[in-house]
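input.txt (compact mmCIF, C-alpha atoms and all ligand atoms) appears below.
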```txt
# COMPACT_ATOMS: atom_id res chain seq x y z
CA MET A 24 -37.60 -22.21 -110.29
CA SER A 25 -38.87 -18.88 -111.48
CA LYS A 26 -36.63 -16.76 -113.65
CA ARG A 27 -35.04 -13.82 -111.89
CA ARG A 28 -36.01 -10.40 -113.10
CA LYS A 29 -32.85 -8.60 -114.17
CA TYR A 30 -33.86 -4.93 -114.06
CA TRP A 31 -36.11 -3.39 -111.44
CA PRO A 32 -37.35 0.17 -111.84
CA ILE A 33 -36.29 2.51 -109.03
CA ALA A 34 -37.13 5.78 -110.73
CA PRO A 35 -37.74 4.83 -114.37
CA ARG A 36 -38.63 8.38 -115.36
CA TRP A 37 -35.11 9.34 -114.32
CA GLY A 38 -33.53 6.34 -115.99
CA LEU A 39 -32.64 4.83 -112.64
CA PHE A 40 -32.78 1.04 -112.47
CA TYR A 41 -31.65 -1.67 -110.13
CA ARG A 42 -29.77 -4.54 -111.70
CA ASP A 43 -30.37 -7.74 -109.82
CA PHE A 44 -27.42 -10.07 -109.31
CA GLY A 45 -29.37 -12.20 -106.88
CA LYS A 46 -27.17 -11.29 -103.90
CA THR A 47 -29.84 -9.59 -101.85
CA ASP A 48 -33.60 -9.35 -101.44
CA ALA A 49 -34.29 -7.19 -104.51
CA ARG A 50 -37.77 -6.17 -103.42
CA ARG A 51 -36.54 -4.85 -100.08
CA PHE A 52 -33.48 -3.13 -101.51
CA VAL A 53 -35.46 -1.39 -104.25
CA ALA A 54 -38.07 -0.22 -101.72
CA VAL A 55 -35.40 1.30 -99.46
CA PHE A 56 -33.54 2.89 -102.39
CA LYS A 57 -36.73 4.33 -103.82
CA ALA A 58 -37.81 5.82 -100.49
CA THR A 59 -34.35 7.38 -100.06
CA TRP A 60 -34.31 8.80 -103.60
CA GLN A 61 -37.75 10.33 -103.11
CA ARG A 62 -36.59 12.18 -100.01
CA LEU A 63 -34.02 14.15 -102.03
CA PRO A 64 -35.07 17.62 -103.23
CA MET A 65 -36.47 17.58 -106.77
CA ARG A 66 -33.85 20.13 -107.84
CA ASP A 67 -30.98 17.85 -106.79
CA ARG A 68 -32.54 14.81 -108.46
CA ARG A 69 -32.81 16.84 -111.68
CA ILE A 70 -29.13 17.81 -111.51
CA MET A 71 -28.23 14.10 -111.35
CA ARG A 72 -30.63 13.20 -114.14
CA ASP A 73 -29.26 15.91 -116.46
CA HIS A 74 -25.70 14.78 -115.79
CA TRP A 75 -26.55 11.14 -116.49
CA GLN A 76 -28.37 12.14 -119.64
CA ALA A 77 -25.29 14.07 -120.80
CA CYS A 78 -23.16 10.97 -120.13
CA LYS A 79 -25.54 8.93 -122.23
CA ASP A 80 -25.43 11.46 -125.07
CA SER A 81 -21.64 11.56 -125.08
CA PHE A 82 -21.49 7.76 -125.19
CA ALA A 83 -23.82 7.69 -128.17
CA ASN A 84 -21.60 10.12 -130.05
CA ASP A 85 -18.14 8.88 -129.19
CA TRP A 86 -18.59 5.30 -128.16
CA GLY A 87 -20.93 3.68 -130.62
CA PRO A 88 -20.64 0.14 -129.26
CA VAL A 89 -21.46 1.28 -125.74
CA GLY A 90 -24.35 3.34 -127.01
CA LEU A 91 -25.78 0.22 -128.60
CA LEU A 92 -26.32 -1.34 -125.22
CA PHE A 93 -29.18 1.06 -124.56
CA GLY A 94 -28.73 0.29 -120.91
CA PRO A 95 -30.96 1.94 -118.38
CA LEU A 96 -29.00 4.77 -116.79
CA PRO A 97 -27.47 4.66 -114.31
CA GLU A 98 -27.32 1.21 -112.83
CA VAL A 99 -27.62 0.41 -109.18
CA LYS A 100 -26.09 -2.91 -108.26
CA VAL A 101 -25.72 -5.04 -105.18
CA GLU A 102 -22.84 -7.42 -105.65
CA GLY A 103 -20.36 -9.42 -103.65
CA PHE A 104 -18.26 -6.32 -104.12
CA ILE A 105 -16.24 -4.84 -101.30
CA ASN A 106 -13.89 -2.05 -102.29
CA THR A 107 -10.69 -3.28 -100.69
CA ARG A 108 -8.75 -0.31 -102.06
CA ALA A 109 -10.68 2.17 -99.97
CA PRO A 110 -8.83 3.18 -96.79
CA LYS A 111 -10.30 1.41 -93.78
CA LYS A 112 -11.31 4.61 -92.00
CA PHE A 113 -13.68 5.50 -94.82
CA LEU A 114 -17.08 3.96 -95.19
CA ASP A 115 -16.67 3.39 -98.88
CA PRO A 116 -15.88 -0.31 -98.66
CA LEU A 117 -19.66 -0.65 -98.27
CA GLY A 118 -20.59 1.07 -101.48
CA ALA A 119 -19.33 3.19 -104.32
CA TYR A 120 -20.39 5.69 -106.88
CA CYS A 121 -18.60 5.01 -110.13
CA PRO A 122 -18.78 7.98 -112.48
CA ALA A 123 -19.27 7.26 -116.14
CA ASN A 124 -16.12 6.32 -117.99
CA LYS A 125 -15.51 4.98 -121.42
CA TRP A 126 -16.43 1.44 -120.40
CA GLN A 127 -19.45 1.87 -118.23
CA TRP A 128 -22.56 3.82 -117.36
CA PRO A 129 -22.61 5.69 -114.09
CA GLN A 130 -23.16 3.15 -111.35
CA VAL A 131 -23.97 3.06 -107.69
CA ARG A 132 -22.66 -0.16 -106.21
CA PHE A 133 -23.21 -1.74 -102.84
CA CYS A 134 -21.61 -4.53 -100.92
CA ALA A 135 -24.14 -7.35 -100.67
CA ALA A 136 -22.95 -8.51 -97.24
CA ALA A 137 -23.45 -5.03 -95.78
CA VAL A 138 -26.84 -4.57 -97.43
CA ASN A 139 -28.01 -7.90 -96.07
CA LEU A 140 -26.87 -7.15 -92.52
CA MET A 141 -28.14 -3.57 -92.27
CA PRO A 142 -31.55 -2.57 -90.98
CA ASP A 143 -33.58 -0.40 -93.36
CA GLU A 144 -32.72 2.96 -91.71
CA VAL A 145 -28.99 2.30 -91.90
CA LEU A 146 -29.25 1.05 -95.47
CA SER A 147 -31.11 4.24 -96.30
CA ALA A 148 -28.24 6.32 -94.87
CA LEU A 149 -25.77 4.29 -96.96
CA VAL A 150 -27.85 4.87 -100.10
CA ALA A 151 -27.93 8.62 -99.31
CA HIS A 152 -24.14 8.51 -98.82
CA GLU A 153 -23.53 7.06 -102.28
CA LEU A 154 -26.11 9.38 -103.84
CA GLY A 155 -24.18 12.19 -102.15
CA HIS A 156 -21.13 11.25 -104.23
CA ALA A 157 -23.34 10.98 -107.32
CA TYR A 158 -24.79 14.42 -106.68
CA LEU A 159 -21.41 16.09 -106.08
CA HIS A 160 -20.08 14.64 -109.33
CA ALA A 161 -23.20 15.67 -111.24
CA ALA A 162 -23.09 19.19 -109.82
CA GLY A 163 -19.37 19.54 -110.57
CA MET A 164 -18.68 19.98 -106.86
CA ALA A 165 -16.81 16.75 -106.18
CA ALA A 166 -13.32 17.04 -104.73
CA THR A 167 -12.30 13.89 -106.61
CA VAL A 168 -12.17 14.45 -110.32
CA VAL A 169 -11.51 11.55 -112.62
CA ASP A 170 -11.24 12.60 -116.22
CA ALA A 171 -13.29 10.05 -118.12
CA ALA A 172 -11.04 10.45 -121.17
CA ASP A 173 -7.95 9.48 -119.16
CA TRP A 174 -9.57 6.78 -117.10
CA ASP A 175 -7.20 3.92 -116.57
CA ASP A 176 -7.79 1.47 -113.76
CA THR A 177 -4.09 1.04 -113.11
CA LYS A 178 -3.40 4.75 -112.83
CA VAL A 179 -6.16 5.83 -110.52
CA LYS A 180 -4.50 5.93 -107.11
CA ALA A 181 -7.17 7.69 -105.12
CA TRP A 182 -10.73 6.71 -105.85
CA VAL A 183 -12.04 9.28 -103.47
CA THR A 184 -10.45 11.99 -101.36
CA GLU A 185 -11.06 12.65 -97.69
CA ASN A 186 -12.29 16.07 -98.72
CA GLU A 187 -15.03 14.55 -100.79
CA GLU A 188 -16.09 12.36 -97.86
CA ILE A 189 -16.48 15.53 -95.79
CA GLN A 190 -18.53 17.09 -98.60
CA VAL A 191 -20.71 13.99 -98.75
CA ARG A 192 -21.40 14.09 -95.01
CA GLU A 193 -22.45 17.75 -95.31
CA GLN A 194 -24.66 16.97 -98.28
CA MET A 195 -26.31 14.13 -96.38
CA ASP A 196 -27.05 16.47 -93.47
CA ASP A 197 -28.68 18.90 -95.90
CA TRP A 198 -30.90 16.08 -97.12
CA GLY A 199 -31.78 14.99 -93.60
CA PHE A 200 -29.65 11.84 -93.44
CA HIS A 201 -26.81 11.17 -91.06
CA ASP A 202 -23.58 9.44 -91.87
CA GLU A 203 -23.09 8.74 -88.16
CA ASP A 204 -25.94 6.21 -88.37
CA ILE A 205 -23.69 4.04 -90.53
CA THR A 206 -20.64 4.40 -88.27
CA GLU A 207 -22.71 3.69 -85.17
CA TRP A 208 -24.19 0.59 -86.75
CA LEU A 209 -20.71 -0.62 -87.76
CA ASP A 210 -19.55 -0.24 -84.16
CA GLN A 211 -22.54 -2.16 -82.79
CA ASP A 212 -22.65 -5.88 -82.08
CA GLY A 213 -19.42 -6.68 -83.91
CA ASN A 214 -20.84 -5.69 -87.29
CA ARG A 215 -17.55 -4.23 -88.44
CA LYS A 216 -15.72 -7.42 -87.56
CA ARG A 217 -18.37 -9.54 -89.22
CA LEU A 218 -17.97 -7.58 -92.47
CA ARG A 219 -14.20 -7.71 -92.27
CA ASN A 220 -14.32 -11.49 -91.88
CA LEU A 221 -16.55 -11.73 -94.93
CA GLN A 222 -14.06 -9.57 -96.77
CA ALA A 223 -11.17 -11.83 -95.77
CA ALA A 224 -13.04 -14.99 -96.74
ZN ZN B 301 -18.05 8.03 -99.49
```

Starting from the file, lay out its structure as structure tokens.
Ligand SMILES: [Zn+2]
Amino acid sequence: MSKRRKYWPIAPRWGLFYRDFGKTDARRFVAVFKATWQRLPMRDRRIMRDHWQACKDSFANDWGPVGLLFGPLPEVKVEGFINTRAPKKFLDPLGAYCPANKWQWPQVRFCAAAVNLMPDEVLSALVAHELGHAYLHAAGMAATVVDAADWDDTKVKAWVTENEEIQVREQMDDWGFHDEDITEWLDQDGNRKRLRNLQAA
């Protein structure tokens, strides 16, 4: 058995790495993520990079132990994760952007079951959706503001507002992606039910 590679470069120059948990075909996921990332305007990618860099710098100053991890920033993960706290009508059970807080680097997380079921074009739209959240947070335009200093898992009631979902859909349109591709796919061939069953299992 060959040893699994833990970190895969997505955009190493931007500090963007995929962390492999072995829940999906890493090669395929990284290829789709990379292609999606490269379709975003350079200016918007830079806004995200600068924000992530600032997160890293603040960790190094205030959170020594975290800074010692020297983790690639931010991490992209595909896990068994399904965000059960997200209201059903939102798409966010399939993925999440987690802004930096005092315990973790910024992360983009995806539900492995969804990633594995989705064709490349739909996965690309989902990646653009989560990058939309990342961009809005980086640009200070996000409707949902979680103060990193006050972050407490038990106190955060709303992980994301409906307003921010609307902003994300507009941002995706600007970038040439369409959130409807995800909804349409979910409504096809019992995909939504299939995912829900996986969630219940
Ligand atoms: Zn969303």

> Using only C-alpha atoms, which residue out of A:Trp208, A:Trp128, A:Phe133, A:Tyr120 lies closest to Val191 in chain A?
Replying inline: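 The shortest atom-to-atom distance to Val191 in chain A comes from A:Tyr120.
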
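Between ligand ZN 301 (chain B) and the candidates A:Asp196, A:Glu207, A:Glu187, A:Asp48, the tightest atom-to-atom separation, counting all atoms listed in the file, involves A:Glu187.
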
>> Let me make sure I understand: among A:Phe40, A:Tyr30, A:Phe200, A:Lys216, which one has the smallest atom-to-atom distance to Val131 in chain A if we use only C-alpha atoms?
In response: A:Phe40

> Which residue out of A:Thr167, A:Asn186, A:Ser147, A:Gln194 has the minimum interatomic distance to Val53 in chain A when all atoms listed in the file are used?
Replying inline: A:Ser147

>> With only C-alpha atoms as the counted atoms, please give the residues lying no more than 12 Å from range 60-73 of chain A, apart from itself and same-chain residues fewer than 4 positions off, as a ChimeraX atom specification.
In response: /A:33-40,53-56,77-80,96-97,122,129,147-164,194-200

> Given the choices A:Asp204, A:Lys46, A:Arg28, A:Thr184, which gets closest to Ala136 in chain A if the distance is worked out from all atoms listed in the file?
Replying inline: A:Lys46

> Taking all atoms listed in the file into account, which of A:Asp43, A:Glu98, A:Ile205, A:Trp75 comes nearest Pro142 in chain A?
Replying inline: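 The shortest atom-to-atom distance to Pro142 in chain A comes from A:Ile205.
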
>> Report as a ChimeraX atom specification all protein, DNA and RNA residues lying within 10 Å of Arg27 in chain A, evaluated on all atoms listed in the file, omitting residues in the same chain fewer than 6 positions from it.
In response: /A:43-45,49

> In Å, with one decimal, what is the gap from CA of Cys121 in chain A to CA of Lys26 in chain A?
Replying inline: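 Computed distance, CA of Cys121 in chain A to CA of Lys26 in chain A, equals 28.5 Å.
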
> Expressed in Å to a single decimal, how great is the separation between CA of Arg132 in chain A and CA of Glu102 in chain A?
Replying inline: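 Taking CA of Arg132 in chain A as the start and CA of Glu102 in chain A as the end point, the length is 7.3 Å.
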
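Point (-28.9, -6.5, -101.7) has the following residues at most 6 Å away: Lys46, Thr47, Asp48, Phe52, Val101, Ala135, Val138 and Asn139 of chain A (atoms considered: all atoms listed in the file).
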